[in-house]
Each structure stands twice: as structure tokens, then as C-alpha cells.
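A.B. asks: Structure: upload26.pdb, PDB, C-alpha atoms.
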```pdb
ATOM      1  CA  MET A   1     -47.769  33.708 -54.486
ATOM      2  CA  LYS A   2     -46.527  35.813 -51.592
ATOM      3  CA  LYS A   3     -45.296  34.034 -48.479
ATOM      4  CA  LEU A   4     -46.497  34.998 -45.026
ATOM      5  CA  CYS A   5     -44.042  36.179 -42.385
ATOM      6  CA  LEU A   6     -45.139  34.497 -39.144
ATOM      7  CA  SER A   7     -42.047  35.138 -37.021
ATOM      8  CA  SER A   8     -43.783  37.814 -34.878
ATOM      9  CA  PHE A   9     -47.360  36.539 -35.133
ATOM     10  CA  ARG A  10     -49.001  36.078 -31.713
ATOM     11  CA  TYR A  11     -52.295  34.490 -30.681
ATOM     12  CA  ASP A  12     -53.758  33.174 -27.432
ATOM     13  CA  ARG A  13     -56.239  30.450 -28.438
ATOM     14  CA  ILE A  14     -56.961  27.894 -31.114
ATOM     15  CA  ASP A  15     -60.601  27.136 -31.927
ATOM     16  CA  SER A  16     -61.022  24.909 -34.968
ATOM     17  CA  ASP A  17     -61.273  21.294 -36.055
ATOM     18  CA  MET A  18     -57.759  21.187 -37.534
ATOM     19  CA  ASP A  19     -55.513  18.637 -35.877
ATOM     20  CA  VAL A  20     -51.901  19.332 -35.010
ATOM     21  CA  GLN A  21     -50.547  17.588 -38.118
ATOM     22  CA  GLU A  22     -52.656  19.792 -40.399
ATOM     23  CA  ARG A  23     -51.322  22.856 -38.631
ATOM     24  CA  LEU A  24     -47.745  21.652 -39.023
ATOM     25  CA  ASP A  25     -48.330  21.038 -42.723
ATOM     26  CA  TRP A  26     -49.707  24.572 -43.039
ATOM     27  CA  LEU A  27     -46.684  26.061 -41.273
ATOM     28  CA  ALA A  28     -44.318  24.134 -43.531
ATOM     29  CA  LYS A  29     -45.945  25.727 -46.588
ATOM     30  CA  HIS A  30     -45.314  29.274 -45.371
ATOM     31  CA  GLY A  31     -41.628  30.007 -45.358
ATOM     32  CA  ASP A  32     -39.827  26.797 -44.422
ATOM     33  CA  THR A  33     -37.265  25.554 -46.905
ATOM     34  CA  VAL A  34     -34.417  23.091 -46.668
ATOM     35  CA  SER A  35     -31.932  25.893 -46.080
ATOM     36  CA  ARG A  36     -33.993  28.181 -43.847
ATOM     37  CA  LEU A  37     -36.258  27.816 -40.844
ATOM     38  CA  THR A  38     -38.129  30.321 -38.710
ATOM     39  CA  PRO A  39     -38.635  28.503 -35.395
ATOM     40  CA  ALA A  40     -40.823  31.194 -33.756
ATOM     41  CA  PRO A  41     -44.142  29.987 -35.298
ATOM     42  CA  TYR A  42     -43.517  26.474 -34.002
ATOM     43  CA  VAL A  43     -42.695  27.746 -30.513
ATOM     44  CA  GLN A  44     -45.815  29.938 -30.507
ATOM     45  CA  LEU A  45     -48.013  27.036 -31.594
ATOM     46  CA  ALA A  46     -46.517  24.737 -28.959
ATOM     47  CA  ASN A  47     -47.007  27.325 -26.202
ATOM     48  CA  VAL A  48     -50.675  27.853 -27.074
ATOM     49  CA  LEU A  49     -51.339  24.127 -27.321
ATOM     50  CA  ARG A  50     -49.712  23.566 -23.929
ATOM     51  CA  GLN A  51     -51.743  26.392 -22.353
ATOM     52  CA  GLN A  52     -54.918  24.796 -23.682
ATOM     53  CA  GLY A  53     -53.985  21.441 -22.158
ATOM     54  CA  PHE A  54     -52.633  19.664 -25.238
ATOM     55  CA  ALA A  55     -49.199  18.771 -23.888
ATOM     56  CA  ARG A  56     -48.709  15.779 -26.197
ATOM     57  CA  GLU A  57     -49.493  17.831 -29.304
ATOM     58  CA  ALA A  58     -47.180  20.623 -28.074
ATOM     59  CA  ALA A  59     -44.352  18.102 -27.723
ATOM     60  CA  GLN A  60     -45.036  16.880 -31.257
ATOM     61  CA  VAL A  61     -44.656  20.430 -32.569
ATOM     62  CA  LEU A  62     -41.380  20.985 -30.729
ATOM     63  CA  ILE A  63     -39.959  17.660 -31.927
ATOM     64  CA  LEU A  64     -40.708  18.636 -35.519
ATOM     65  CA  ARG A  65     -39.047  22.005 -34.923
ATOM     66  CA  GLU A  66     -35.942  20.199 -33.632
ATOM     67  CA  ASP A  67     -35.959  17.954 -36.717
ATOM     68  CA  LYS A  68     -36.128  20.961 -39.029
ATOM     69  CA  GLN A  69     -33.429  22.884 -37.170
ATOM     70  CA  ARG A  70     -31.067  19.918 -37.336
ATOM     71  CA  ALA A  71     -31.815  19.476 -41.030
ATOM     72  CA  VAL A  72     -30.927  23.122 -41.648
ATOM     73  CA  GLU A  73     -27.701  22.794 -39.640
ATOM     74  CA  TRP A  74     -26.817  19.584 -41.510
ATOM     75  CA  ASP A  75     -27.408  21.212 -44.889
ATOM     76  CA  ALA A  76     -25.345  24.270 -43.964
ATOM     77  CA  ALA A  77     -22.426  22.145 -42.730
ATOM     78  CA  ILE A  78     -22.370  19.798 -45.720
ATOM     79  CA  THR A  79     -22.804  22.448 -48.404
ATOM     80  CA  GLY A  80     -20.208  24.609 -46.652
ATOM     81  CA  MET A  81     -17.442  22.030 -47.071
ATOM     82  CA  ASP A  82     -15.049  23.840 -49.401
ATOM     83  CA  GLY A  83     -11.878  21.832 -48.918
ATOM     84  CA  THR A  84     -10.491  23.864 -46.013
ATOM     85  CA  LEU A  85      -9.617  21.958 -42.854
ATOM     86  CA  ARG A  86     -12.046  23.864 -40.644
ATOM     87  CA  ARG A  87     -15.040  23.387 -42.946
ATOM     88  CA  GLU A  88     -14.191  19.740 -43.568
ATOM     89  CA  TRP A  89     -13.990  19.011 -39.843
ATOM     90  CA  ALA A  90     -17.277  20.853 -39.282
ATOM     91  CA  GLY A  91     -18.982  18.783 -41.961
ATOM     92  CA  TYR A  92     -17.751  15.450 -40.626
ATOM     93  CA  ALA A  93     -18.589  16.503 -37.071
ATOM     94  CA  HIS A  94     -22.194  17.084 -38.139
ATOM     95  CA  VAL A  95     -22.335  13.526 -39.463
ATOM     96  CA  PHE A  96     -21.493  12.284 -35.967
ATOM     97  CA  LEU A  97     -23.809  14.798 -34.280
ATOM     98  CA  HIS A  98     -26.611  13.794 -36.626
ATOM     99  CA  PHE A  99     -26.343  10.216 -35.365
ATOM    100  CA  LEU A 100     -26.375  11.392 -31.722
ATOM    101  CA  SER A 101     -29.410  13.576 -32.456
ATOM    102  CA  TRP A 102     -31.208  10.579 -33.914
ATOM    103  CA  VAL A 103     -30.526   8.567 -30.755
ATOM    104  CA  PHE A 104     -31.570  11.482 -28.525
ATOM    105  CA  LYS A 105     -34.804  11.830 -30.494
ATOM    106  CA  TRP A 106     -35.862   8.192 -30.355
ATOM    107  CA  ILE A 107     -34.972   7.719 -26.688
ATOM    108  CA  PHE A 108     -36.046  11.069 -25.193
ATOM    109  CA  GLY A 109     -37.939  12.898 -27.947
ATOM    110  CA  TYR A 110     -35.275  15.654 -27.728
ATOM    111  CA  GLY A 111     -36.308  16.004 -24.086
ATOM    112  CA  HIS A 112     -39.896  16.944 -24.992
ATOM    113  CA  GLN A 113     -41.231  13.399 -24.520
ATOM    114  CA  PRO A 114     -39.177  11.905 -21.669
ATOM    115  CA  THR A 115     -41.621   8.992 -21.285
ATOM    116  CA  ARG A 116     -40.138   7.530 -24.463
ATOM    117  CA  VAL A 117     -37.280   6.266 -22.315
ATOM    118  CA  LEU A 118     -39.556   3.858 -20.395
ATOM    119  CA  PRO A 119     -39.578   1.083 -23.048
ATOM    120  CA  TRP A 120     -35.781   1.365 -23.294
ATOM    121  CA  ILE A 121     -35.520   1.024 -19.511
ATOM    122  CA  ALA A 122     -37.701  -2.082 -19.666
ATOM    123  CA  ILE A 123     -35.505  -3.587 -22.400
ATOM    124  CA  ILE A 124     -32.265  -2.902 -20.499
ATOM    125  CA  PHE A 125     -33.788  -4.264 -17.282
ATOM    126  CA  ALA A 126     -35.021  -7.438 -19.034
ATOM    127  CA  VAL A 127     -31.654  -8.079 -20.699
ATOM    128  CA  THR A 128     -29.831  -7.593 -17.382
ATOM    129  CA  PHE A 129     -32.263  -9.944 -15.639
ATOM    130  CA  CYS A 130     -31.840 -12.685 -18.257
ATOM    131  CA  PHE A 131     -28.046 -12.371 -18.179
ATOM    132  CA  ALA A 132     -27.924 -12.469 -14.356
ATOM    133  CA  GLU A 133     -30.347 -15.399 -14.167
ATOM    134  CA  GLN A 134     -28.395 -17.513 -16.672
ATOM    135  CA  THR A 135     -25.075 -16.599 -15.049
ATOM    136  CA  HIS A 136     -26.365 -17.616 -11.627
ATOM    137  CA  ARG A 137     -27.754 -20.916 -12.916
ATOM    138  CA  ARG A 138     -24.330 -21.789 -14.308
ATOM    139  CA  GLY A 139     -22.692 -21.073 -10.963
ATOM    140  CA  GLN A 140     -20.671 -18.165 -12.268
ATOM    141  CA  PHE A 141     -21.402 -15.859  -9.321
ATOM    142  CA  ALA A 142     -19.040 -15.615  -6.369
ATOM    143  CA  PRO A 143     -19.332 -13.399  -3.276
ATOM    144  CA  THR A 144     -17.522 -10.068  -3.173
ATOM    145  CA  SER A 145     -18.573  -8.940   0.281
ATOM    146  CA  ALA A 146     -15.655  -8.347   2.642
ATOM    147  CA  VAL A 147     -17.665  -9.967   5.441
ATOM    148  CA  VAL A 148     -18.026 -13.168   3.425
ATOM    149  CA  LEU A 149     -14.455 -13.242   2.156
ATOM    150  CA  LYS A 150     -13.132 -12.971   5.728
ATOM    151  CA  SER A 151     -15.542 -15.480   7.222
ATOM    152  CA  PRO A 152     -14.229 -18.835   8.530
ATOM    153  CA  GLU A 153     -16.615 -20.739   6.254
ATOM    154  CA  TRP A 154     -15.171 -19.098   3.142
ATOM    155  CA  LEU A 155     -11.549 -19.515   4.263
ATOM    156  CA  ARG A 156     -12.112 -23.198   5.074
ATOM    157  CA  SER A 157     -13.646 -23.788   1.647
ATOM    158  CA  PHE A 158     -10.254 -23.672  -0.099
ATOM    159  CA  PRO A 159      -9.608 -27.143  -1.525
ATOM    160  CA  ASN A 160      -6.890 -29.149   0.219
ATOM    161  CA  THR A 161      -6.226 -31.568  -2.622
ATOM    162  CA  PRO A 162      -4.878 -30.912  -6.125
ATOM    163  CA  LEU A 163      -7.543 -30.051  -8.663
ATOM    164  CA  PRO A 164      -7.903 -31.335 -12.230
ATOM    165  CA  ALA A 165      -6.485 -29.050 -14.881
ATOM    166  CA  ASP A 166      -9.936 -28.215 -16.199
ATOM    167  CA  SER A 167     -11.362 -27.318 -12.758
ATOM    168  CA  PRO A 168     -10.600 -23.740 -11.709
ATOM    169  CA  LEU A 169      -9.807 -23.017  -8.079
ATOM    170  CA  TRP A 170     -12.647 -20.537  -7.624
ATOM    171  CA  ARG A 171     -15.202 -23.068  -8.891
ATOM    172  CA  ALA A 172     -14.119 -25.768  -6.445
ATOM    173  CA  GLN A 173     -14.081 -23.281  -3.593
ATOM    174  CA  LEU A 174     -17.506 -21.961  -4.496
ATOM    175  CA  ASP A 175     -18.955 -25.488  -4.704
ATOM    176  CA  ALA A 176     -17.670 -26.197  -1.199
ATOM    177  CA  TRP A 177     -18.787 -22.875   0.198
ATOM    178  CA  VAL A 178     -22.390 -23.076  -1.010
ATOM    179  CA  LYS A 179     -22.814 -26.192   1.130
ATOM    180  CA  THR A 180     -22.213 -24.167   4.278
ATOM    181  CA  GLU A 181     -24.976 -22.257   6.047
ATOM    182  CA  PRO A 182     -23.760 -18.817   4.825
ATOM    183  CA  GLY A 183     -23.365 -20.282   1.346
ATOM    184  CA  ARG A 184     -26.929 -21.584   1.307
ATOM    185  CA  ASP A 185     -28.157 -18.145   2.321
ATOM    186  CA  TYR A 186     -26.140 -16.659  -0.527
ATOM    187  CA  GLU A 187     -28.030 -18.939  -2.888
ATOM    188  CA  SER A 188     -31.195 -16.920  -2.166
ATOM    189  CA  PHE A 189     -30.163 -14.827  -5.145
ATOM    190  CA  SER A 190     -32.793 -12.769  -6.996
ATOM    191  CA  ALA A 191     -32.018 -11.852 -10.588
ATOM    192  CA  TRP A 192     -34.755  -9.190 -10.510
ATOM    193  CA  LEU A 193     -33.206  -7.484  -7.475
ATOM    194  CA  TYR A 194     -29.750  -7.829  -9.002
ATOM    195  CA  ALA A 195     -30.904  -6.139 -12.226
ATOM    196  CA  LEU A 196     -32.592  -3.391 -10.223
ATOM    197  CA  ASP A 197     -29.482  -2.936  -8.083
ATOM    198  CA  LEU A 198     -27.332  -2.485 -11.189
ATOM    199  CA  PHE A 199     -29.741  -0.133 -12.917
ATOM    200  CA  ILE A 200     -30.523   1.943  -9.800
ATOM    201  CA  PRO A 201     -27.457   1.703  -7.552
ATOM    202  CA  LEU A 202     -29.238   1.694  -4.200
ATOM    203  CA  ASP A 203     -26.372  -0.195  -2.535
ATOM    204  CA  ALA A 204     -28.791  -1.766  -0.081
ATOM    205  CA  LEU A 205     -30.346  -4.781  -1.818
ATOM    206  CA  GLY A 206     -27.727  -7.290  -0.735
ATOM    207  CA  GLN A 207     -27.218  -8.788  -4.197
TER
END
```
Give the structure from the file, written as C-alpha cells.

C.D. replies:
Amino acid sequence: MKKLCLSSFRYDRIDSDMDVQERLDWLAKHGDTVSRLTPAPYVQLANVLRQQGFAREAAQVLILREDKQRAVEWDAAITGMDGTLRREWAGYAHVFLHFLSWVFKWIFGYGHQPTRVLPWIAIIFAVTFCFAEQTHRRGQFAPTSAVVLKSPEWLRSFPNTPLPADSPLWRAQLDAWVKTEPGRDYESFSAWLYALDLFIPLDALGQ
């Protein structure tokens, strides 16, 4: 059976009942091998799909193209390891790059599906919130504002009597300070705002 050469094939529309996966399977049967890839047919298909309003399907095509290109690069690097220092380093470098590519794919879809990052943002935000909430409940937060640290209420909160060995100075000072009016206002801590302030450094949320 002769294989088709689709590297210069151009078309402007797609009118059929084939879904994008069937088209990708068809492309894979005409010229793609483990050691060779012609990316032009995938780019052409993605462009036409995008022009016809199928942006999600176009992204799916481009992600598969990225997968195939990385597989070809991986195969070339590994099979090219011949014992020389340069080839050996290139092969091991591709092992590391392959891992980074996997992360880039699942978080950003190689940049073709940036909305994939939204669940990861939600996870990071939720973990930060839980950590901040539990830390605050255990009294592990102390003020870092220069205005607070120079205030008379904070300076007067230093303990005047010796402390037990298992009671740290900062804890005793914080316990005394939170009983003052500025300290009670500090207790209006919001873990949600704190998580948001860390994730998006607005520097204006007062947390």
C-alpha cells in the first residue's frame, strides 16, 4: 500500500460526520511512525477546525501533535546514545524534559488549553486556605506590620516576669497583645483573604 504525502495538502472546510478523533486516527495511518512525524497535516486540520468555530477540537489536535513530536524527540535522543559524553547527556536531559513536558501538558495542555490550570488553582487555593486557617486557630500568627511592631500596645505586651521553659517569648507576648484593642482588630483574620493575598500578591488586603 502506498502512503499519502499530506505535508503540502491544503483545504478550507470540513463537511462530514467524522469526529476529530476519527480524523486523528486517519492521519496517524498515513505517514506517522515512531521515528518520524510530519506536523503540517495536524496544523492544517487545527487551523480549519478553529476557523469553523471548533476551538476545543483544534486544541485537541495540537495537543496530539505535541505528544507525537515529543515522542519522536525522545526516541531520537535515546536511540542516539552511543556512549559519547555529548549523546549520553542529551539522552538523560530528554528524560528530565519528558517529565517537564508531562507536567506542562496536564496543567496547561501545552498552552493550547490554558483553562486546565483552573482546577490546579482551586487546589492550591484550598490547601493554602486550610493551612492558614489551622495555623491561625493554633495562634501561630504574629503581626509583621511595622506600624504594629512600633505601636505602644505591642511594646507594652512584652512579659515582665520570667516565663516557663516551655513557653516561648513570642507566644506570651502575642497572648497579651491580642487582648488590646489593636490586637482584637488583628483577630479579624480571614483565611480566604490570606490565601488570595498569597496567590495574587495584591499587597492591599491587610492580611

A.B. asks: If the box runs along x, y and z of the file and leaves 4 Å on each side of stretch 107-115 of chain A, what are its centre and edge lengths in Å, one decimal, as AutoDock Vina command-line options?

C.D. replies:
```
--center_x -38.3 --center_y 12.3 --center_z -24.6 --size_x 14.6 --size_y 17.2 --size_z 14.7
```

A.B. asks: For A:Gly91, please output as JSON, numbers by chain all residues within 9 Å (counting only C-alpha atoms; exclusion window: fewer than 6 positions along the same chain).

C.D. replies: {"A": [74, 76, 77, 78, 79, 80, 81]}

A.B. asks: My list of candidates is A:Leu85, A:Val148, A:Ala90, A:Ala191. Which is closest to A:Gln134 when distances are computed with all atoms listed in the file?

C.D. replies: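 Counting all atoms listed in the file, the residue closest to A:Gln134 is A:Ala191.
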
A.B. asks: Between atom CA of A:Phe199 and atom CA of A:Arg138, what is the distance in Å, rounded to a tenth?

C.D. replies: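 Between atom CA of A:Phe199 and atom CA of A:Arg138 the gap works out to 22.4 Å.
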
A.B. asks: In Å to one decimal, how far is atom CA of A:Trp102 from atom CA of A:Asp67?

C.D. replies: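 Going from atom CA of A:Asp67 over to atom CA of A:Trp102, I get 9.2 Å.
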
A.B. asks: Apply the PyMOL selection byres ((chain A and resi 58) around 12) to the file shown and report the selected residues as a count of residues only.

C.D. replies: 30

A.B. asks: Which is closer to A:Arg137 than all the others in A:Ser190, A:Ile14, A:Trp26, A:Asp82, using all atoms listed in the file?

C.D. replies: A:Ser190

A.B. asks: Using atom CA of A:Glu153 and atom CA of A:Gln140 as the two end points, give the distance in Å to one decimal.

C.D. replies: 19.1 Å
